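What follows is a single structure, written as structure tokens, with notes after it.
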Amino acid sequence: MAERKVRVRFAPSPTGPLHIGGVRTALYNYLFARQHGGEMVFRIEDTDSTRFVPGAEEYIIESFRWLGIDFDEGVSFGGQHGPYRQSERREIYKKYVDQLLAEGKAYIAFDTPEELAAKREEIQNFQYDAQTRTMMRNSLTLPKEEVERLIAEGHQYVVRFRIEPGEDVHVQDIIRGDVKINSSILDDKVLYKSADQLPTYHLANIVDDHLMEISHVIRGEEWLPSAPLHVLLYRAFDWGDTMPQFAHLPLLLKPDGKGKLSKRDGDRLGFPVFPLEWHDPKTGDVSRGYREDGYLPQAVVNFLALLGWNPGTDQELLTMQELINQFDLTKCSKSGAKFDYVKGTWFNHEYILQTDDALLAPQFDTILRENGIEVPMERVQEVVRMMKGRVNFTKELWPLCRFFFVAPTEYDEKTVKKRWKEYSPQQMQELIGILEALPDFSQEAQEQAVNRWIEEKEYKLGDVMNAWRLTLVGEGKGPHMYEISGFLGREETIKRMRAALERL
RNA sequence: GGCGCUUUCGUCUAGCGGCUAGGACACAUGCCUCUCACGCAUGGAACACGGGUUCGAUUCCCGUAGGCGCUACCA
């Protein structure tokens, strides 16, 4: 078989913010496309006019921009296969629906939603299929003139796919192998609705994937049950030879309990399920986002990539390029993955460690400003350098670093009890003298002079340092003492020491 | 209910007939140390169950059980 150009697509429905599971699906599509030098299409599946949410499309595009997942063509990206919004492709679908109708592979059905609901009430497990369609109101049971009359009179109808029962339909899935379903259990799916003159997902999906020359359909496992229907549709159009290859990804599950990961879980357990903060236009609710929570996009990508796939080595930290090089659909796991958000925070920690201080500083600066602190960026960066190793997120820095910018006004009771000895005031008084006498206030000069003094007086290093820390920080935490005093400078250091001596 | 997918430490997973079943997160302990962290080291922790196939099954096959998904004029 001739090598086909790899073309994949991510085709969300603009019904709200992009779910983190969708992000992973898009990421896998992206990695696969890039590895094979292929193309990635961004299509909007807005065939359900009733569920459209304004702003969702823009949100999704912005999410991918932030994550560093880029598309080659599609909505907002241009390309030769447009339009890429399904609501703008009505005439195209109509043509293919008519073709199916003309060939007898589909039929028109007039049953109203109410009638169908009544049928389901009446017959348990009712399904619109070869068995039942003979008793329904459709172009198979009604005389031709009657059908024409109903349409002329403006009765709403749908077009259903006519599925022949009793055939084993095989789907070759890259991840799962051969999946077999008997066509008898499939129902005559609605392909088209006259009410809004739009197709349903199934028809639009097949037509678009074909017209857009998609070579591989990489999507969530929830689509696996309808994959045989899609195969049948490709066949009905006689597109079997260019049918894309399928790969159905396992789902992301709740961290605890049962079921698919949902927004509720994030709210309940305290983690975002959306890449960016989302403001619901209807309810006004705000949902947190990975970006706003302080995640680095590379950390999110790395974390997501390893949920359901791994390179088969012990390496867990991979750059986008490494992911592209090593990604392998055949090595994706088959079972759902519980969403381990704690591990996500670890990834962020690792990426903070790797990220240049100069890049992190502006993030922390924003937080400082929110707390009324305005200092030169070099000072911010200096604190980031000293402290970033101990946090998972830059926002965690503030409570740990406050003392760099704000002098303590009270002193932690437990630390005072433990570290402030009866001789501490005397030692601090002497230390002030030492520091004042220093020709320069470099860390090296401080260390040298202080060490000599401690040695001469035969003090204990720990006693001095812990008491000193208490005067500068207000409690027993923080980096090495000379880093703190060095950052504060001589004036501020001594000022804080004197203040402490008065208050303790 | 029907159909499909799935099942290795608490979690993410490696394993592709013979291994002391490996790694990571989390957890515990220790080391480092002027504090708190970081870091480093060590430790506990798993092949769902029952049948086969085989000299030998975590690995292959079949059941059972559990989990997940689908079952709309939603995607």
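Ordering of the structure tokens sets the chain letters (A, B, ...), residue numbers begin anew at 1 in every chain, and ligands are numbered from 1 in the order given.
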For chain A, list the residues within 6 Å of chain B, counting only C-alpha atoms (C1' of nucleotides), and write the list as an mmCIF file with C-alpha atoms, in the first residue's frame.
data_model
loop_
_atom_site.group_PDB
_atom_site.id
_atom_site.type_symbol
_atom_site.label_atom_id
_atom_site.label_comp_id
_atom_site.auth_asym_id
_atom_site.auth_seq_id
_atom_site.Cartn_x
_atom_site.Cartn_y
_atom_site.Cartn_z
ATOM 1 C CA LYS A 193 -31.731 16.785 10.681
ATOM 2 C CA GLU A 222 -15.775 6.785 23.983
ATOM 3 C CA PRO A 225 -18.524 1.707 20.002
ATOM 4 C CA ASP A 314 13.039 5.150 32.942
ATOM 5 C CA SER A 335 -6.859 0.868 30.097
ATOM 6 C CA LYS A 343 2.288 13.769 40.180
ATOM 7 C CA GLY A 389 13.984 24.648 44.645
ATOM 8 C CA ARG A 390 11.614 24.350 47.534
ATOM 9 C CA GLY A 462 23.926 26.952 65.820
ATOM 10 C CA MET A 465 22.735 31.506 63.621
ATOM 11 C CA ASN A 466 19.341 30.456 64.906
ATOM 12 C CA GLY A 476 13.017 29.359 61.960
ATOM 13 C CA LYS A 477 13.043 29.002 58.207
ATOM 14 C CA GLY A 478 14.689 30.226 55.052
#
### Test item, helix (DSSP H, G or I) assignment across stretch 232-314 of chain A, answer as JSON, numbers by chain
{"A": [232, 233, 234, 235, 236, 240, 241, 242, 263, 264, 265, 266, 267, 268, 269, 297, 298, 299, 300, 301, 302, 303, 304, 305]}
Taking only stretch 146-275 of chain A into account, list the residues labelled strand (DSSP E) by DSSP (computed from the backbone), as a JSON list (two decimals) with N, CA and C atoms, in the first residue's frame.
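What follows is the written file out-v3.json:
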[["chain", "number", "residue", "atom", "x", "y", "z"],
["A", 158, "VAL", "N", -35.79, 13.45, 9.65],
["A", 158, "VAL", "CA", -34.36, 13.17, 9.75],
["A", 158, "VAL", "C", -34.00, 12.14, 8.69],
["A", 159, "VAL", "N", -32.74, 12.07, 8.37],
["A", 159, "VAL", "CA", -32.27, 11.03, 7.47],
["A", 159, "VAL", "C", -31.53, 10.00, 8.31],
["A", 160, "ARG", "N", -31.94, 8.75, 8.14],
["A", 160, "ARG", "CA", -31.29, 7.67, 8.90],
["A", 160, "ARG", "C", -30.48, 6.77, 7.99],
["A", 161, "PHE", "N", -29.39, 6.27, 8.54],
["A", 161, "PHE", "CA", -28.51, 5.35, 7.82],
["A", 161, "PHE", "C", -29.13, 3.96, 7.88],
["A", 168, "ASP", "N", -20.63, -9.09, 10.71],
["A", 168, "ASP", "CA", -19.58, -8.72, 11.64],
["A", 168, "ASP", "C", -18.73, -7.62, 11.02],
["A", 169, "VAL", "N", -18.73, -6.47, 11.68],
["A", 169, "VAL", "CA", -17.94, -5.35, 11.16],
["A", 169, "VAL", "C", -16.65, -5.29, 11.95],
["A", 170, "HIS", "N", -15.55, -5.27, 11.25],
["A", 170, "HIS", "CA", -14.24, -5.23, 11.91],
["A", 170, "HIS", "C", -13.64, -3.83, 11.86],
["A", 171, "VAL", "N", -13.09, -3.41, 12.99],
["A", 171, "VAL", "CA", -12.35, -2.16, 13.04],
["A", 171, "VAL", "C", -10.93, -2.50, 13.42],
["A", 172, "GLN", "N", -9.98, -2.06, 12.61],
["A", 172, "GLN", "CA", -8.58, -2.30, 12.96],
["A", 172, "GLN", "C", -8.08, -1.09, 13.74],
["A", 173, "ASP", "N", -7.85, -1.31, 15.02],
["A", 173, "ASP", "CA", -7.43, -0.21, 15.87],
["A", 173, "ASP", "C", -5.94, -0.35, 16.19],
["A", 177, "GLY", "N", -6.01, -3.41, 18.31],
["A", 177, "GLY", "CA", -6.07, -4.52, 17.38],
["A", 177, "GLY", "C", -7.43, -4.65, 16.73],
["A", 178, "ASP", "N", -7.81, -5.87, 16.43],
["A", 178, "ASP", "CA", -9.06, -6.12, 15.72],
["A", 178, "ASP", "C", -10.25, -6.07, 16.68],
["A", 179, "VAL", "N", -11.17, -5.14, 16.41],
["A", 179, "VAL", "CA", -12.38, -5.04, 17.23],
["A", 179, "VAL", "C", -13.56, -5.40, 16.34],
["A", 180, "LYS", "N", -14.39, -6.31, 16.82],
["A", 180, "LYS", "CA", -15.48, -6.82, 16.00],
["A", 180, "LYS", "C", -16.82, -6.52, 16.65],
["A", 181, "ILE", "N", -17.73, -5.99, 15.86],
["A", 181, "ILE", "CA", -19.09, -5.76, 16.35],
["A", 181, "ILE", "C", -20.07, -6.19, 15.28],
["A", 182, "ASN", "N", -21.14, -6.84, 15.70],
["A", 182, "ASN", "CA", -22.14, -7.27, 14.73],
["A", 182, "ASN", "C", -23.10, -6.13, 14.41],
["A", 190, "VAL", "N", -29.22, 8.54, 13.03],
["A", 190, "VAL", "CA", -29.62, 9.76, 12.35],
["A", 190, "VAL", "C", -28.37, 10.42, 11.78],
["A", 191, "LEU", "N", -28.41, 10.74, 10.50],
["A", 191, "LEU", "CA", -27.26, 11.36, 9.86],
["A", 191, "LEU", "C", -27.49, 12.85, 9.62],
["A", 192, "TYR", "N", -28.77, 13.20, 9.57],
["A", 192, "TYR", "CA", -29.08, 14.56, 9.14],
["A", 192, "TYR", "C", -30.42, 15.00, 9.70],
["A", 193, "LYS", "N", -30.50, 16.26, 10.10],
["A", 193, "LYS", "CA", -31.73, 16.78, 10.68],
["A", 193, "LYS", "C", -32.25, 17.92, 9.79],
["A", 198, "LEU", "N", -28.54, 20.49, 9.39],
["A", 198, "LEU", "CA", -27.16, 20.11, 9.72],
["A", 198, "LEU", "C", -27.07, 18.60, 9.89],
["A", 199, "PRO", "N", -25.91, 18.06, 9.62],
["A", 199, "PRO", "CA", -25.72, 16.63, 9.84],
["A", 199, "PRO", "C", -25.48, 16.38, 11.32],
["A", 216, "HIS", "N", -5.15, 9.44, 9.86],
["A", 216, "HIS", "CA", -5.24, 8.75, 11.14],
["A", 216, "HIS", "C", -6.22, 9.47, 12.06],
["A", 217, "VAL", "N", -7.15, 8.72, 12.58],
["A", 217, "VAL", "CA", -8.11, 9.29, 13.53],
["A", 217, "VAL", "C", -7.70, 8.83, 14.93],
["A", 218, "ILE", "N", -7.18, 9.77, 15.70],
["A", 218, "ILE", "CA", -6.74, 9.46, 17.06],
["A", 218, "ILE", "C", -7.70, 10.17, 18.00],
["A", 219, "ARG", "N", -8.52, 9.42, 18.71],
["A", 219, "ARG", "CA", -9.57, 10.03, 19.51],
["A", 219, "ARG", "C", -9.81, 9.20, 20.77],
["A", 220, "GLY", "N", -10.70, 9.68, 21.62],
["A", 220, "GLY", "CA", -10.98, 9.01, 22.88],
["A", 220, "GLY", "C", -11.73, 7.70, 22.71],
["A", 245, "GLN", "N", -6.80, 5.29, 9.47],
["A", 245, "GLN", "CA", -6.55, 4.28, 10.50],
["A", 245, "GLN", "C", -7.03, 4.84, 11.83],
["A", 246, "PHE", "N", -7.55, 3.95, 12.67],
["A", 246, "PHE", "CA", -8.09, 4.41, 13.95],
["A", 246, "PHE", "C", -7.17, 4.08, 15.12],
["A", 247, "ALA", "N", -7.19, 4.97, 16.10],
["A", 247, "ALA", "CA", -6.51, 4.70, 17.36],
["A", 247, "ALA", "C", -7.40, 5.29, 18.46],
["A", 248, "HIS", "N", -7.94, 4.41, 19.28],
["A", 248, "HIS", "CA", -8.82, 4.88, 20.35],
["A", 248, "HIS", "C", -8.08, 4.89, 21.68],
["A", 249, "LEU", "N", -7.91, 6.09, 22.20],
["A", 249, "LEU", "CA", -7.13, 6.31, 23.42],
["A", 249, "LEU", "C", -7.93, 5.96, 24.68],
["A", 252, "LEU", "N", -9.24, 9.34, 30.66],
["A", 252, "LEU", "CA", -8.72, 9.84, 31.93],
["A", 252, "LEU", "C", -9.83, 9.69, 32.97],
["A", 253, "LEU", "N", -9.50, 9.02, 34.06],
["A", 253, "LEU", "CA", -10.49, 8.71, 35.09],
["A", 253, "LEU", "C", -10.32, 9.58, 36.34]]
### Query
Near stretch 238-240 of chain A, counting only C-alpha atoms (C1' of nucleotides), which residues have an atom at most 12 Å away, once you skip same-chain residues fewer than 3 positions from it, shown as number ranges by chain?
A: 96, 99-100, 103, 105, 171, 206-207, 209-211, 213, 230-235, 243-245
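Residues with any atom within 9 Å of stretch 368-380 of chain A, counting only C-alpha atoms (C1' of nucleotides) and excluding same-chain neighbours fewer than 4 positions away, are Ala358, Ala361, Pro362, Gln363, Phe364, Val384, Arg385, Trp398, Arg402, Phe405, Val406 and Phe487 of chain A.
Note that the spacing between atom CA of A:Glu413 and atom CA of A:Glu475 amounts to 8.4 Å.
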### Message
So that I can see what lies close to A:Arg137, please list as a PyMOL selection string the residues with an atom at most 9 Å from it, counting only C-alpha atoms (C1' of nucleotides) and leaving out residues fewer than 4 positions away in the same chain.
### Response
chain A and resi 108-111+133+141-142
### Message
Just want the 9 Å neighbourhood of A:Leu360, counted on only C-alpha atoms (C1' of nucleotides), with same-chain residues fewer than 5 positions away dropped. Output as a PyMOL selection string.
### Response
chain A and resi 352+355+365+381+384+388+394
### Query
What is the atom CA of A:Val273-atom CA of A:Ile214 distance in Å, reported with one decimal?
28.6 Å
### Task
Mind checking which residues fall within 8 Å of stretch 428-436 of chain A, counting only C-alpha atoms (C1' of nucleotides), ignoring those fewer than 2 positions away in the same chain, and posting them as JSON, numbers by chain?
{"A": [424, 425, 426, 438, 441, 446, 449, 450, 453, 464, 467, 468, 490, 494, 497, 501]}
Using only C-alpha atoms, please write the residues we just selected to a file, as a compact mmCIF listing (two decimals), in the first residue's frame.
# COMPACT_ATOMS: atom_id res chain seq x y z
CA SER A 424 21.13 35.57 72.81
CA PRO A 425 20.63 39.35 73.32
CA GLN A 426 24.26 39.68 74.32
CA LEU A 438 32.93 45.14 58.30
CA PHE A 441 29.09 43.52 53.50
CA GLN A 446 30.49 38.38 56.84
CA ALA A 449 34.39 37.84 60.46
CA VAL A 450 31.51 36.05 62.13
CA TRP A 453 34.30 35.98 66.40
CA VAL A 464 24.18 32.30 66.99
CA ALA A 467 18.99 33.51 67.08
CA TRP A 468 20.15 35.72 64.25
CA ARG A 490 23.84 45.92 56.19
CA ILE A 494 21.08 45.70 61.67
CA MET A 497 18.34 43.00 64.74
CA LEU A 501 16.39 43.14 70.61
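Relative to atom C1' of B:C62, atom CA of A:Lys338 is found at 29.2 Å.
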### Task
Find the residue from B:G51, B:U58, B:C27, B:A41 that sits nearest to B:U8; use only C-alpha atoms (C1' of nucleotides) when measuring.
B:U58
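Between A:Pro272 and the residues A:Arg419, A:Lys457, A:Arg498, A:His19, the shortest atom-to-atom distance, using only C-alpha atoms, involves A:His19.
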